[in-house]
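The file run01.txt contains compact mmCIF, C-alpha atoms:
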# COMPACT_ATOMS: atom_id res chain seq x y z
CA MET A 1 2.87 -5.74 27.70
CA GLY A 2 2.54 -3.02 25.10
CA THR A 3 0.26 -0.06 24.62
CA TYR A 4 -0.57 2.11 21.65
CA PRO A 5 2.42 3.20 19.54
CA THR A 6 3.58 6.63 20.60
CA THR A 7 3.16 9.75 18.51
CA SER A 8 6.94 9.98 18.07
CA GLN A 9 7.06 6.38 16.83
CA PHE A 10 4.37 7.18 14.27
CA LEU A 11 5.81 10.47 13.06
CA SER A 12 9.38 9.12 12.81
CA ASP A 13 8.36 6.07 10.80
CA PRO A 14 9.27 6.26 7.07
CA THR A 15 6.06 4.62 5.83
CA VAL A 16 3.85 6.86 7.96
CA VAL A 17 5.72 9.98 6.81
CA PHE A 18 5.44 8.80 3.21
CA THR A 19 1.71 8.19 3.61
CA ILE A 20 1.09 11.62 5.13
CA SER A 21 3.06 13.22 2.29
CA VAL A 22 1.01 11.39 -0.35
CA VAL A 23 -2.25 12.38 1.34
CA LEU A 24 -1.18 16.04 1.46
CA VAL A 25 0.04 16.34 -2.15
CA PRO A 26 -3.45 17.16 -3.54
CA VAL A 27 -3.54 20.23 -1.26
CA ILE A 28 -1.29 21.87 -3.86
CA TYR A 29 -4.14 21.74 -6.35
CA CYS A 30 -6.96 22.86 -4.03
CA ASN A 31 -8.49 26.30 -4.48
CA GLY A 32 -7.83 28.30 -1.32
CA ILE A 33 -8.49 27.40 2.28
CA GLY A 34 -12.04 26.32 1.51
CA GLY A 35 -10.84 23.84 -1.08
CA ILE A 36 -8.19 22.47 1.27
CA LEU A 37 -10.68 21.97 4.10
CA SER A 38 -13.17 20.40 1.71
CA TYR A 39 -10.54 17.91 0.61
CA LEU A 40 -9.18 17.10 4.08
CA PHE A 41 -12.66 16.57 5.50
CA THR A 42 -14.28 14.80 2.57
CA PRO A 43 -16.39 11.92 3.97
CA MET A 44 -14.04 9.19 2.74
CA MET A 45 -11.01 10.95 4.23
CA VAL A 46 -12.76 11.14 7.59
CA ALA A 47 -13.76 7.49 7.18
CA SER A 48 -10.09 6.59 6.71
CA TRP A 49 -9.21 8.24 10.03
CA ILE A 50 -12.04 6.39 11.77
CA TYR A 51 -10.97 3.08 10.24
CA LEU A 52 -7.35 3.69 11.27
CA GLY A 53 -8.49 4.43 14.81
CA LEU A 54 -10.60 1.27 14.86
CA VAL A 55 -7.68 -0.89 13.76
CA LEU A 56 -5.48 0.65 16.46
CA TYR A 57 -8.18 0.16 19.09
CA VAL A 58 -8.76 -3.49 18.22
CA THR A 59 -5.02 -4.17 18.21
CA HIS A 60 -3.95 -2.16 21.26
CA GLY A 61 -7.09 -1.19 23.17
CA ASP A 62 -7.05 -4.04 25.67
CA GLY A 63 -3.38 -3.57 26.56
CA LYS A 64 -2.41 -7.04 25.34
CA SER A 65 -0.22 -5.93 22.45
CA VAL A 66 3.50 -6.60 22.76
CA SER A 67 6.40 -4.22 22.38
CA LEU A 68 8.27 -4.53 19.09
CA SER A 69 11.83 -3.94 18.04
CA GLU A 70 12.39 -0.95 15.76
CA ARG A 71 12.68 -3.27 12.74
CA ASP A 72 9.45 -5.13 13.50
CA ARG A 73 7.62 -1.90 14.30
CA ARG A 74 8.58 -0.45 10.91
CA ILE A 75 7.39 -3.60 9.15
CA ALA A 76 4.14 -3.52 11.12
CA PHE A 77 3.59 0.14 10.18
CA TRP A 78 4.24 -0.72 6.53
CA PHE A 79 1.36 -3.17 6.66
CA LEU A 80 -0.85 -0.78 8.64
CA MET A 81 -0.44 2.05 6.13
CA ASN A 82 -1.01 -0.34 3.23
CA GLY A 83 -4.04 -1.90 4.87
CA VAL A 84 -5.74 1.40 5.65
CA TYR A 85 -4.49 3.74 2.95
CA PHE A 86 -2.60 2.47 -0.09
CA ASN A 87 -4.54 -0.76 -0.62
CA LEU A 88 -7.90 0.64 0.42
CA PHE A 89 -8.68 4.34 0.74
CA LEU A 90 -6.13 5.55 -1.82
CA ASP A 91 -5.94 2.96 -4.62
CA VAL A 92 -9.49 1.64 -4.30
CA VAL A 93 -11.74 4.33 -2.78
CA SER A 94 -9.92 7.28 -4.31
CA GLY A 95 -8.56 5.76 -7.51
CA GLN A 96 -10.97 3.06 -8.63
CA PHE A 97 -14.19 4.41 -7.11
CA GLN A 98 -13.32 8.13 -7.42
CA MET A 99 -14.74 9.04 -3.99
CA MET A 100 -12.08 11.28 -2.44
CA ASP A 101 -12.46 14.72 -3.98
CA GLU A 102 -9.13 16.22 -5.08
CA MET A 103 -7.19 13.00 -4.40
CA SER A 104 -9.38 11.19 -6.93
CA ARG A 105 -8.72 13.83 -9.57
CA GLN A 106 -4.97 13.56 -9.02
CA TYR A 107 -5.14 9.76 -9.09
CA LEU A 108 -6.49 9.95 -12.64
CA LYS A 109 -3.39 11.90 -13.63
CA VAL A 110 -1.17 9.13 -12.26
CA GLU A 111 -3.36 6.37 -13.71
CA PRO A 112 -6.00 7.40 -16.28
CA ARG A 113 -7.05 3.76 -16.76
CA TYR A 114 -9.15 3.96 -13.57
CA ILE A 115 -11.84 5.77 -15.51
CA TYR A 116 -12.52 2.89 -17.93
CA GLY A 117 -13.82 0.30 -15.46
CA VAL A 118 -14.06 -3.46 -15.71
CA PHE A 119 -16.01 -3.67 -18.99
CA ASP A 120 -13.37 -1.89 -21.06
CA VAL A 121 -10.14 -3.67 -21.98
CA HIS A 122 -8.16 -0.55 -21.06
CA GLY A 123 -9.40 -0.63 -17.48
CA GLN A 124 -9.58 -4.33 -16.69
CA SER A 125 -6.07 -4.80 -15.30
CA VAL A 126 -6.35 -1.86 -12.89
CA PHE A 127 -9.89 -2.84 -11.88
CA MET A 128 -8.90 -6.41 -11.07
CA THR A 129 -5.85 -5.13 -9.16
CA SER A 130 -8.16 -2.87 -7.14
CA MET A 131 -10.45 -5.79 -6.34
CA CYS A 132 -7.45 -7.81 -5.18
CA GLU A 133 -6.47 -4.90 -2.95
CA LEU A 134 -9.98 -4.51 -1.58
CA PHE A 135 -10.73 -8.16 -0.81
CA PHE A 136 -7.28 -9.63 -0.14
CA GLN A 137 -4.36 -7.22 0.25
CA SER A 138 -5.97 -4.68 2.56
CA PRO A 139 -7.57 -7.20 4.96
CA LEU A 140 -4.40 -9.33 5.09
CA CYS A 141 -2.28 -6.22 5.77
CA ILE A 142 -4.47 -5.44 8.78
CA VAL A 143 -4.26 -9.07 9.92
CA THR A 144 -0.47 -8.90 9.63
CA TYR A 145 -0.28 -5.67 11.65
CA TYR A 146 -2.43 -7.28 14.33
CA ALA A 147 -0.31 -10.45 14.24
CA TYR A 148 2.89 -8.48 14.79
CA TYR A 149 1.60 -6.64 17.82
CA ARG A 150 -0.14 -9.72 19.24
CA ASN A 151 2.82 -12.01 18.53
CA LYS A 152 0.66 -14.47 16.61
CA ASN A 153 2.22 -17.61 15.16
CA TYR A 154 0.65 -16.93 11.75
CA LYS A 155 2.49 -13.62 11.38
CA ASN A 156 5.09 -14.84 8.89
CA ILE A 157 2.58 -16.68 6.72
CA ALA A 158 0.33 -13.61 6.58
CA GLU A 159 3.11 -11.21 5.66
CA PHE A 160 4.60 -13.57 3.06
CA THR A 161 1.17 -13.93 1.44
CA VAL A 162 0.67 -10.15 1.31
CA CYS A 163 4.15 -9.64 -0.15
CA VAL A 164 3.41 -12.09 -2.96
CA LEU A 165 0.12 -10.31 -3.64
CA HIS A 166 1.86 -6.93 -3.70
CA ALA A 167 4.40 -8.17 -6.24
CA ALA A 168 1.61 -9.71 -8.33
CA GLY A 169 -0.33 -6.46 -8.13
CA VAL A 170 2.64 -4.53 -9.53
CA TRP A 171 2.79 -7.04 -12.39
CA TRP A 172 -0.92 -6.72 -13.23
CA PHE A 173 -1.08 -2.96 -12.71
CA TYR A 174 2.18 -1.52 -14.06
CA PHE A 175 3.56 -3.90 -16.66
CA PRO A 176 0.66 -3.68 -19.17
CA GLU A 177 1.04 0.10 -19.29
CA ALA A 178 4.82 -0.08 -19.65
CA ILE A 179 4.58 -2.69 -22.41
CA SER A 180 2.09 -0.54 -24.32
CA GLY A 181 4.51 2.40 -24.26
CA PHE A 182 2.58 4.35 -21.63
CA GLU A 183 -0.23 5.08 -24.06
CA HIS A 184 -2.50 6.37 -21.30
CA LEU A 185 0.21 8.55 -19.75
CA GLY A 186 1.28 10.39 -22.89
CA GLY A 187 4.19 8.09 -23.72
CA TRP A 188 7.79 8.64 -22.73
CA PRO A 189 8.79 12.29 -22.25
CA SER A 190 9.83 13.73 -25.61
CA SER A 191 12.48 16.05 -24.20
CA ILE A 192 14.57 16.62 -21.10
CA SER A 193 12.53 19.70 -20.22
CA GLU A 194 9.31 17.67 -20.39
CA ALA A 195 10.86 14.85 -18.37
CA LEU A 196 11.83 17.33 -15.65
CA SER A 197 8.57 19.27 -15.64
CA PHE A 198 6.66 19.29 -12.36
CA ASN A 199 3.75 17.19 -13.61
CA ARG A 200 6.02 14.57 -15.14
CA LEU A 201 8.14 14.39 -12.01
CA LEU A 202 5.08 14.01 -9.81
CA PHE A 203 2.80 11.78 -11.86
CA PHE A 204 5.13 9.83 -14.16
CA TRP A 205 8.45 9.45 -12.37
CA PHE A 206 7.14 9.44 -8.80
CA GLY A 207 3.57 8.20 -9.09
CA PHE A 208 4.21 5.53 -11.69
CA TRP A 209 7.89 4.55 -11.60
CA PHE A 210 9.00 5.22 -8.03
CA CYS A 211 5.88 3.79 -6.39
CA GLY A 212 5.86 0.78 -8.69
CA ILE A 213 9.47 -0.06 -7.87
CA LEU A 214 8.91 0.63 -4.16
CA TRP A 215 6.10 -1.94 -4.02
CA LEU A 216 8.46 -4.51 -5.52
CA VAL A 217 11.56 -3.83 -3.43
CA VAL A 218 9.97 -3.56 0.03
CA PRO A 219 7.72 -6.65 -0.31
CA PHE A 220 10.69 -8.61 -1.67
CA GLN A 221 12.80 -7.78 1.38
CA ILE A 222 9.99 -8.43 3.87
CA GLY A 223 8.80 -11.54 2.04
CA LYS A 224 12.29 -13.03 1.87
CA SER A 225 12.74 -12.63 5.62
CA ALA A 226 9.27 -14.09 6.27
CA TRP A 227 10.00 -17.10 4.05
CA ILE A 228 13.22 -17.81 5.95
CA GLN A 229 11.31 -17.73 9.23
CA ILE A 230 8.59 -20.00 7.81
CA CYS A 231 11.20 -22.54 6.74
CA LYS A 232 12.89 -22.42 10.13
CA ALA A 233 9.57 -22.91 11.92
CA ALA A 234 8.64 -25.79 9.62
CA ASP A 235 11.98 -27.46 10.20
CA ALA A 236 11.75 -26.98 13.98
CA SER A 237 8.31 -28.54 14.11
CA LYS A 238 9.39 -31.42 11.85
CA MET A 239 6.93 -30.44 9.15
CA LEU A 240 9.74 -30.95 6.65
CA HIS A 241 10.99 -34.51 6.97
CA SER A 242 14.35 -35.73 5.83
CA PRO A 243 14.42 -38.96 3.77
CA LYS A 244 15.69 -40.98 6.72
CA ASP A 245 12.55 -40.15 8.68
CA GLU A 246 10.24 -41.72 6.10

As structure tokens, the full file:
Amino acid sequence: MGTYPTTSQFLSDPTVVFTISVVLVPVIYCNGIGGILSYLFTPMMVASWIYLGLVLYVTHGDGKSVSLSERDRRIAFWFLMNGVYFNLFLDVVSGQFQMMDEMSRQYLKVEPRYIYGVFDVHGQSVFMTSMCELFFQSPLCIVTYYAYYRNKNYKNIAEFTVCVLHAAGVWWFYFPEAISGFEHLGGWPSSISEALSFNRLLFFWFGFWFCGILWLVVPFQIGKSAWIQICKAADASKMLHSPKDE
């Protein structure tokens, strides 16, 4: 029987480290210690910690969670961080709803289309992506994390579904901006010095390109493995019949 993941497991996990780094980036732009504290303890930031704690308590609090291999633990943490942060408190609460102080201001630099909303053609693709995150991706990520640590038989179906939604979200969110020539991001850098400037490196190359590619590559790898397991389970339970059986 398992217990809560250890602190070392959390702090050595790539997705957790990545999440902490993203959350701390806006500190660079805060004015002094007061600004930093105001950002770190903004109500929605505190709410994210409470929600994370609640998910951990529901999953592990009764001591019935199972121990996972390092691979499965990393996949589970990927879904946990997406379910609590990237698909909820960062993309939706901070980006779409602009409710997280300095993080919200920096989100608009990565994706200015958040400001337009659903009734403007410039903001519709990001708004609908945010709604998909809020109502489908985030809840299913939490369900998948729970399924991993509770060894539920719907684990592979849940993670495959989320991976498809993540890939679709990248298509809805990123491709329209790329096709339009990055009109909301100032276009392609006009010179090498501009391309290598701090703001371009942070908001264009990292925030837009790196994160967009990351949310294609990781879901593809996880989703492919989940699909293989689904097919094996279906075959083992004779859900897929050969012609001679009919």

| message | I'd like the contact shell of stretch 37-53 of chain A - 8 Å cut-off, all atoms listed in the file, skipping same-chain residues fewer than 4 positions apart - returned as a ChimeraX atom specification. | response | /A:27,30,33,57,84-85,89,93,99-103

Could you take the residues named above and write them with C-alpha atoms, as a short mmCIF file (atom, residue, chain, number, x, y, z; two decimals), in the frame of the given file?
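Full text of again.cif as output:
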data_model
loop_
_atom_site.label_atom_id
_atom_site.label_comp_id
_atom_site.auth_asym_id
_atom_site.auth_seq_id
_atom_site.Cartn_x
_atom_site.Cartn_y
_atom_site.Cartn_z
CA VAL A 27 -3.54 20.23 -1.26
CA CYS A 30 -6.96 22.86 -4.03
CA ILE A 33 -8.49 27.40 2.28
CA TYR A 57 -8.18 0.16 19.09
CA VAL A 84 -5.74 1.40 5.65
CA TYR A 85 -4.49 3.74 2.95
CA PHE A 89 -8.68 4.34 0.74
CA VAL A 93 -11.74 4.33 -2.78
CA MET A 99 -14.74 9.04 -3.99
CA MET A 100 -12.08 11.28 -2.44
CA ASP A 101 -12.46 14.72 -3.98
CA GLU A 102 -9.13 16.22 -5.08
CA MET A 103 -7.19 13.00 -4.40
#

| remark: One decimal place gives the atom CA of A:Asp62-atom CA of A:Val143 separation as 16.8 Å

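The smallest atom-to-atom distance between A:Leu90 and any of A:Ser138, A:Ile157, A:Ala195, A:Tyr145, using all atoms listed in the file, is found for A:Ser138.
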
| request: Please identify all polymer residues within 8 Å of stretch 109-126 of chain A, counting only C-alpha atoms, omitting same-chain residues fewer than 6 positions from it, and present them as a list in words. | output: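 The residues that qualify are Gly95, Gln96, Trp172, Phe173, Pro176, His184, Leu185, Phe203, Phe204, Gly207 and Phe208 of chain A.
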
Got time to write the residues from that selection, C-alpha atoms, as a compact mmCIF listing (two decimals), in the frame of the given file?
# COMPACT_ATOMS: atom_id res chain seq x y z
CA GLY A 95 -8.56 5.76 -7.51
CA GLN A 96 -10.97 3.06 -8.63
CA TRP A 172 -0.92 -6.72 -13.23
CA PHE A 173 -1.08 -2.96 -12.71
CA PRO A 176 0.66 -3.68 -19.17
CA HIS A 184 -2.50 6.37 -21.30
CA LEU A 185 0.21 8.55 -19.75
CA PHE A 203 2.80 11.78 -11.86
CA PHE A 204 5.13 9.83 -14.16
CA GLY A 207 3.57 8.20 -9.09
CA PHE A 208 4.21 5.53 -11.69

| field | Point-to-point distance in Å for atom CA of A:Thr19 and atom CA of A:Tyr107 | value |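 We find that atom CA of A:Tyr107 and atom CA of A:Thr19 lie 14.5 Å from each other.
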
| request: Anything within 10 Å of (2.6, -3.5, 9.3): list those residues as a list in words, counting all atoms listed in the file and sticking to the file's coordinates. | output: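 The requested residues, written out, are Thr15, Asp72, Arg73, Arg74, Ile75, Ala76, Phe77, Trp78, Phe79, Leu80, Met81, Asn82, Gly83, Cys141, Ile142, Val143, Thr144, Tyr145, Tyr146, Ala147, Tyr148, Tyr149 and Glu159 of chain A.
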
| task | Could you jot down the atom CA of A:Thr6 to atom CA of A:Ser21 separation for me, Å, one decimal place? | result | 19.5 Å

| query | Which residues, protein or nucleic acid, reach to within 7 Å of (7.7, -5.7, 4.1) in the file's coordinates when using only C-alpha atoms, and can you give that as a PyMOL selection string? | reply | chain A and resi 75+78+163+218-219+221-223

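Proximity of A:Thr161, A:Thr7, A:Ser193, A:Ser69 to A:Phe220, computed with all atoms listed in the file, is greatest for A:Thr161.
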
So for stretch 23-31 of chain A, what box centre and size do we get, axis-aligned, 8 Å extra on each of the six sides, every listed atom, Å to one decimal, as JSON?
{"center_x": -4.2, "center_y": 19.3, "center_z": -2.4, "size_x": 24.5, "size_y": 29.9, "size_z": 23.8}

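The residue that comes closest to A:Lys64, out of A:Gly187, A:Gly169, A:Asn151, A:Ser225 and on the basis of only C-alpha atoms, is A:Asn151.
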
| request: Would you please work out which residue, of A:Ser12, A:Thr3, A:Asn31, A:Gln106, is nearest to A:Leu68 when using all atoms listed in the file? | output: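 Closest to A:Leu68 of all the choices is A:Thr3.
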